[in-house]
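Structure first, commentary second.
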Amino acid sequence: MEIKDLHPAEGSKKNRKRVGRGGGSGTGKTAGRGLNGQKSRAGGGKGVGFEGGQTPLARRLPKLPGFRNINRVEYTPVNVSRLELKFEAGEVVDGESLVAKGIIKKATEPVKVLGDGEITKALTVKVDKVSASAQAKIEAAGGKVELPC
């Protein structure tokens, strides 16, 4: 078989219907749109979000109750138990070291150390926020907390 012998299956290729190209074409004059009405006009028909005159979903949603603060800062939580596992005594815990240990993804993301678990190593913690219980555990282990970084 050669490239010149290749051809599509019989009946699989059709020419597109060219509407509005004269009476003899079968789809002349009104071009298959019928005579009158909204859908017969250029640009006619209802929009994508039209719901039969009911207030569309896109306009209803902002009316739902509640408030979303656009200035909210979302902190990435890190527990002291993770610090105990990943860090050695005397190390500094900051954005770069957390990324290097695979705890967070970016050094620039805000981090809050939480007090879940126990810590026995003296670490210097330089992050954006530390909970009161985490700070107490870190200082009880001989470490120190420096806020903000």
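Within each chain, counting starts at residue 1; across the structure tokens, chains are named A, B, ... in the order shown, with ligands numbered 1 upward in that order.
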
Could you please write out, as a PyMOL selection string, every residue of chain A that DSSP assigns to strand (DSSP E)? chain A and resi 76-79+92-93+111-114+124-125+129-130+144-145

CA of Gly37 in chain A to CA of Gly53 in chain A, distance in Å rounded to a single decimal: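 CA of Gly37 in chain A sits 17.5 Å away from CA of Gly53 in chain A.
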
Of the candidates A:Lys126, A:Arg41, A:Lys137, A:Arg16, which one gets nearest to Leu114 in chain A if we count only C-alpha atoms?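 Nearest candidate to Leu114 in chain A out of A:Lys126, A:Arg41, A:Lys137, A:Arg16: A:Lys137.
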
Would you pick out the contacts of Leu147 in chain A at 10 Å or less, using only C-alpha atoms, so that residues sharing its chain but fewer than 6 positions from it are not included, and give the list as a PyMOL selection string? chain A and resi 125-130

Which polymer residues have any atom within 12 Å of an atom of range 86-89 of chain A, counting only C-alpha atoms, with same-chain residues fewer than 6 positions away left out, as a list of chain:residue names? A:Val78, A:Asn79, A:Val80, A:Ser97, A:Leu98, A:Val99, A:Ala100, A:Lys101, A:Gly102, A:Ile103, A:Ile119, A:Thr120, A:Lys121, A:Ala122, A:Leu123, A:Thr124, A:Val125, A:Ile138, A:Ala141, A:Gly142, A:Gly143, A:Lys144

Residue subset to file, keeping C-alpha atoms, as an mmCIF file, in the first residue's frame:
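For reference, again24.cif as written:
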```
data_model
loop_
_atom_site.group_PDB
_atom_site.id
_atom_site.type_symbol
_atom_site.label_atom_id
_atom_site.label_comp_id
_atom_site.auth_asym_id
_atom_site.auth_seq_id
_atom_site.Cartn_x
_atom_site.Cartn_y
_atom_site.Cartn_z
ATOM 1 C CA VAL A 78 3.288 23.284 60.589
ATOM 2 C CA ASN A 79 3.140 21.337 63.860
ATOM 3 C CA VAL A 80 6.045 21.099 66.319
ATOM 4 C CA SER A 97 14.889 25.462 55.605
ATOM 5 C CA LEU A 98 11.232 24.356 55.561
ATOM 6 C CA VAL A 99 11.335 24.189 51.752
ATOM 7 C CA ALA A 100 14.641 22.302 51.856
ATOM 8 C CA LYS A 101 13.114 19.705 54.214
ATOM 9 C CA GLY A 102 10.009 19.374 51.999
ATOM 10 C CA ILE A 103 7.554 20.663 54.596
ATOM 11 C CA ILE A 119 9.494 18.723 70.821
ATOM 12 C CA THR A 120 12.739 17.943 72.639
ATOM 13 C CA LYS A 121 15.308 19.712 70.421
ATOM 14 C CA ALA A 122 16.442 23.305 70.886
ATOM 15 C CA LEU A 123 15.506 25.094 67.633
ATOM 16 C CA THR A 124 15.501 28.747 66.578
ATOM 17 C CA VAL A 125 12.139 29.379 64.915
ATOM 18 C CA ILE A 138 9.790 25.336 71.870
ATOM 19 C CA ALA A 141 12.908 22.514 74.977
ATOM 20 C CA GLY A 142 15.605 25.227 75.107
ATOM 21 C CA GLY A 143 14.836 26.835 71.755
ATOM 22 C CA LYS A 144 13.757 30.369 70.936
#
```

Mind giving me the straight-line distance from CA of Gly32 in chain A to CA of Gly45 in chain A in Å, one decimal?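 Atom-to-atom, CA of Gly32 in chain A and CA of Gly45 in chain A are spaced 14.7 Å apart.
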
One-decimal distance in Å that lies between CA of Ala134 in chain A and CA of Tyr75 in chain A: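 We find that CA of Tyr75 in chain A and CA of Ala134 in chain A lie 15.1 Å from each other.
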
Determine which residues of chain A DSSP labels as helix (DSSP H, G or I) from the backbone of this structure, then write them out as a PyMOL selection string. chain A and resi 3-5+23-25+38-40+57-63+80-86+95-100+132-140

For a quick check of understanding, using only C-alpha atoms, which of A:Lys14, A:Ala42, A:Glu118, A:Arg21 has the smallest distance to Ser81 in chain A?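 Closest to Ser81 in chain A of all the choices is A:Glu118.
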